[in-house]
Amino acid sequence: MDAAQLLFNTLALGSAYALAALGFVLILNSVGTVNFAQGDLVVAGGYLSVTLLSVFSTLDGQSLLYTLFAPFPGILFLPIIMGIMGVLGALLSLVIYFPLRSRPVVTVFVSTIALSIILRSSFQNLFGGAPQAGPPLLDMDHWAYFSEIPPSQMDSQSFGVILVTGLLMTALHLLLTKSHLGKRLRAAAQDPAMARAIGIPVHKMFLLSFALATALAATAGLLLSNRYFVTPDEGAVLMLKAYIAVTIGGWGHLGGAVVGALLIASFEIIFGSVTSQPLAEIALYLFVLGLLFFRPQGLFGEALGRRA
Amino acid sequence: MTENSIKDGLQLCSLTIGHRDHALLSDLSFGLKPGEIFTLLSANGIGKTTLLRTILGEIPALSGEIFWQGHALSPLPTEKRHKRGLGYCPEGRRPFAAMTVQDNLDVAGPPTRKERSQKLEEIFALFPALQPHRRRQAWQLSGGQQQMLALGRALMSSPRLLLLDEPCQGLAPVIIEDLMAAIRKIAASGCAILLAEQDIMRSLTLADHICLLNRHGVQQILEGATCTAEILENLIAKTWQA
């Protein structure tokens with residue numbers, strides 16, 4: 001693979017990790033808890049896209065919906081998956097977070113771990129252990145309608161992933177910094193008691209954070225599902241990746257989480273291509289250890305106390 | 001409600017406050033009219049902050065009732081009380097540190113963009129010192145600027161009752177002058193202000209009524225206009241002898 005291709009693939013994989021990590025940070029910042037089920041929610045998004053694909057492929061090949069979306073099934077599924085998983089995320093928070101919110105933080109840690117185990121076993125039972133492929137964002141077999149020379153399958157997948165992630169991140173950034181709702185979300189995250197005193201319904205904001213985080217995780221699942229396949233136990237690894245991305249970037253820093261995710265992907269793909277996958281993993285964790293030694297607050301984290 | 005209770009302001013009726021079963025202040029009964037500055041004066045640790053937070057709904061009252069504009073507040077959570085016109089400027093200011101000055105104000109504003117930008121300009125007119133810093137993050141401000149920001153944030157929703165917890169604590173005299181002038185302007189606009197204060201002189205310059213609190217509850221309520229530092233000091237000395 002040439003250098004441009006490597007870079008492209010790194011960006012694509014990093015993008016998917018970044019979405020998972022962003023969801024992780026959203027929950028971390030708003031309710032102050034690590035969501036250990038974040039990786040399994042990514043996998044849930046993957047399985048949902050696999051299911052949607054099997055439904056989609058039973059459609060009549062002549063129908064309007066099929067003709068319209070056959071060139072990019074993943075794009076059609078994206079809003080459906082974000083919607084379903086967003087609602088599911090809000091509902092899950094009613095079980096794993098809200099009844100326990102006055103308990104010590106560790107209690108919520110444990111309840112997210114429990115959710116993670118339940119999800120993993122359910123995947124195993126519902127879908128079996130065999131890897132399954134999700135829909136491509138852009139299905140090149142159908143692009144003959146649009147152009148004489150279809151772009152190469154490899155590049156176009158990465159392109160689709162980068163494009164979708166770029167759009168979602170821009171939307172999230174605008175939501176959090178420009179919209180009144182986004183500012184209310186951030187205020188509720190920073191000081192819930194003060195936020196209530198200025199009239200912000202903090203519980204609704206937390207519910208929304210869970211919905212957003214789960215929708216982002218599920219999107220990552222959709223983006224990964226075609227090239228990397230979906231397996232029931234994938235969640236543990238993805239959770240670790242999100243956790244490390246957030247640690248590298250700075251605990252609770254949204255932009256930092258994205259940079260962290262890209263760094264992890266570059267270790268896996270660029271470093272992995274010149275050495276081997278296990279060596280790349282070792283190098284990644286050595287890098288994280290080194291970083292924590294010299295900059296324990298992460299790349300963009302603030303040293304404790306500066307905000308006070 | 002008592003016979004001479006206030007229909008359009010705040011009325012406490014035999015209110016007992018504290019944490020769980022430990023009462024801090026018992027049998028508080030007094031009222032506040034619109035546009036009035038009412039100061040709670042006591043030493044530290046008596047329960048002024050707890051009283052403000054009880055009125056706000058962060059802490060449940062142990063017994064008694066709080067009436068606001070003739071309605072009992074106890075069934076309402078904090079955010080609903082805010083909607084009814086309560087504003088809160090806490091001790092220690094508590095700005096949203098990682099947000100800009102403008103966002104700190106904007107987030108507390110009314111639902112429509114137009115109303116918000118109008119309120120925003122009103123706040124910057126009241127505190128011109130904040131204007132040049134509107135794009136800076138709140139943690140970068142000085143203590144005085146943060147206090148103005150916290151006060152401005154409370155005003156964004158045009159409250160009818162402002163709960164103001166030691167706004168002048170630890171600030172430079174020049175800034176205290178500005179803040180006191182702003183507090184008078186807020187009251188002049190018809191907002192009732194319940195002010196927790198430790199300083200006798202500041203209480204005297206601002207307040208229409210001064211409520212002297214001791215360990216048991218209300219010791220005495222004095223008219224601000226006829227009260228002097230000497231009277232207050234004598235009363236406070238009596239508390240310590242008792």
# chains A, B, ... in the order shown; residues from 1 in each chain; ligands from 1
$ residues_around --residues "Cys168 of chain B" --least-positions-apart "5" --cutoff "9 Å" --atoms "only C-alpha atoms" --output "PDB file with C-alpha atoms, in the first residue's frame"
ATOM      1  CA  GLY B 144     -14.719  40.781  40.934  1.00  0.00           C
ATOM      2  CA  GLN B 147     -18.961  38.036  40.802  1.00  0.00           C
ATOM      3  CA  PRO B 173     -13.369  48.091  47.929  1.00  0.00           C
ATOM      4  CA  ILE B 175     -15.383  46.687  43.086  1.00  0.00           C
ATOM      5  CA  ILE B 176     -17.658  46.437  46.116  1.00  0.00           C
ATOM      6  CA  LEU B 179     -21.511  45.877  42.994  1.00  0.00           C
ATOM      7  CA  MET B 180     -23.544  47.689  45.635  1.00  0.00           C
ATOM      8  CA  GLU B 197     -24.111  39.312  54.578  1.00  0.00           C
ATOM      9  CA  ARG B 202     -22.429  46.901  53.947  1.00  0.00           C
TER      10      ARG B 202
END
$ interface_residues --of "chain A" --to "chain B" --cutoff "6 Å" --atoms "only C-alpha atoms" --output "number ranges by chain"
A: 183-184, 196-199, 307
$ residues_around --residues "Ser158 of chain A" --least-positions-apart "4" --cutoff "10 Å" --atoms "only C-alpha atoms" --output "ChimeraX atom specification"
/A:5,8-13,15,137-138,153-154,162-164,223,227
$ select_by_dssp --residues "segment 78-299 of chain A" --states "alpha helix (DSSP H)" --output "ChimeraX atom specification"
/A:78-96,105-127,153-178,180-190,192-197,202-225,234-249,254-266,272-274,277-294
$ atom_distance --atom1 "atom CA of Gly249 of chain A" --atom2 "atom CA of Phe300 of chain A"
5.6 Å
$ residues_around --residues "segment 39-48 of chain B" --least-positions-apart "2" --cutoff "8 Å" --atoms "only C-alpha atoms" --output "VMD selection string"
chain B and resid 18 24 to 25 37 50 to 52 194 to 200 203 207 to 215
$ residues_around --residues "Leu262 of chain A" --least-positions-apart "2" --cutoff "12 Å" --atoms "only C-alpha atoms" --output "PyMOL selection string"
chain A and resi 7-21+162+241-242+244-246+248-249+255-260+264-270+284
$ closest_residue --among "A:Ser276, A:Ser122, A:Ser63, A:Thr214" --to "Leu92 of chain A" --atoms "only C-alpha atoms"
A:Thr214
$ select_by_dssp --residues "segment 7-233 of chain B" --states "strand (DSSP E or B)" --output "PyMOL selection string"
chain B and resi 10-19+22-28+31-32+37-41+63-68+71-72+86-89+100+137+161-165+192-197+209-213+218-223
$ residues_around --residues "Lys33 of chain B" --least-positions-apart "3" --cutoff "8 Å" --atoms "only C-alpha atoms" --output "list in words"
Ile6, Asp8, Gly9, Leu10, Glu36 and Ala192 of chain B
$ atom_distance --atom1 "atom CA of Ile81 of chain A" --atom2 "atom CA of Ser49 of chain A"
7.2 Å
$ residues_around --residues "segment 104-113 of chain A" --least-positions-apart "5" --cutoff "7 Å" --atoms "only C-alpha atoms" --output "list of chain:residue names"
A:Thr33, A:Val34, A:Asn35, A:Phe36, A:Ala37, A:Ile96, A:Tyr97
$ atom_distance --atom1 "atom CA of Asp165 of chain B" --atom2 "atom CA of Asn234 of chain B"
24.6 Å
$ closest_residue --among "B:Ala72, B:Ala181, B:Leu232, B:Leu105" --to "Phe124 of chain B" --atoms "only C-alpha atoms"
B:Leu105
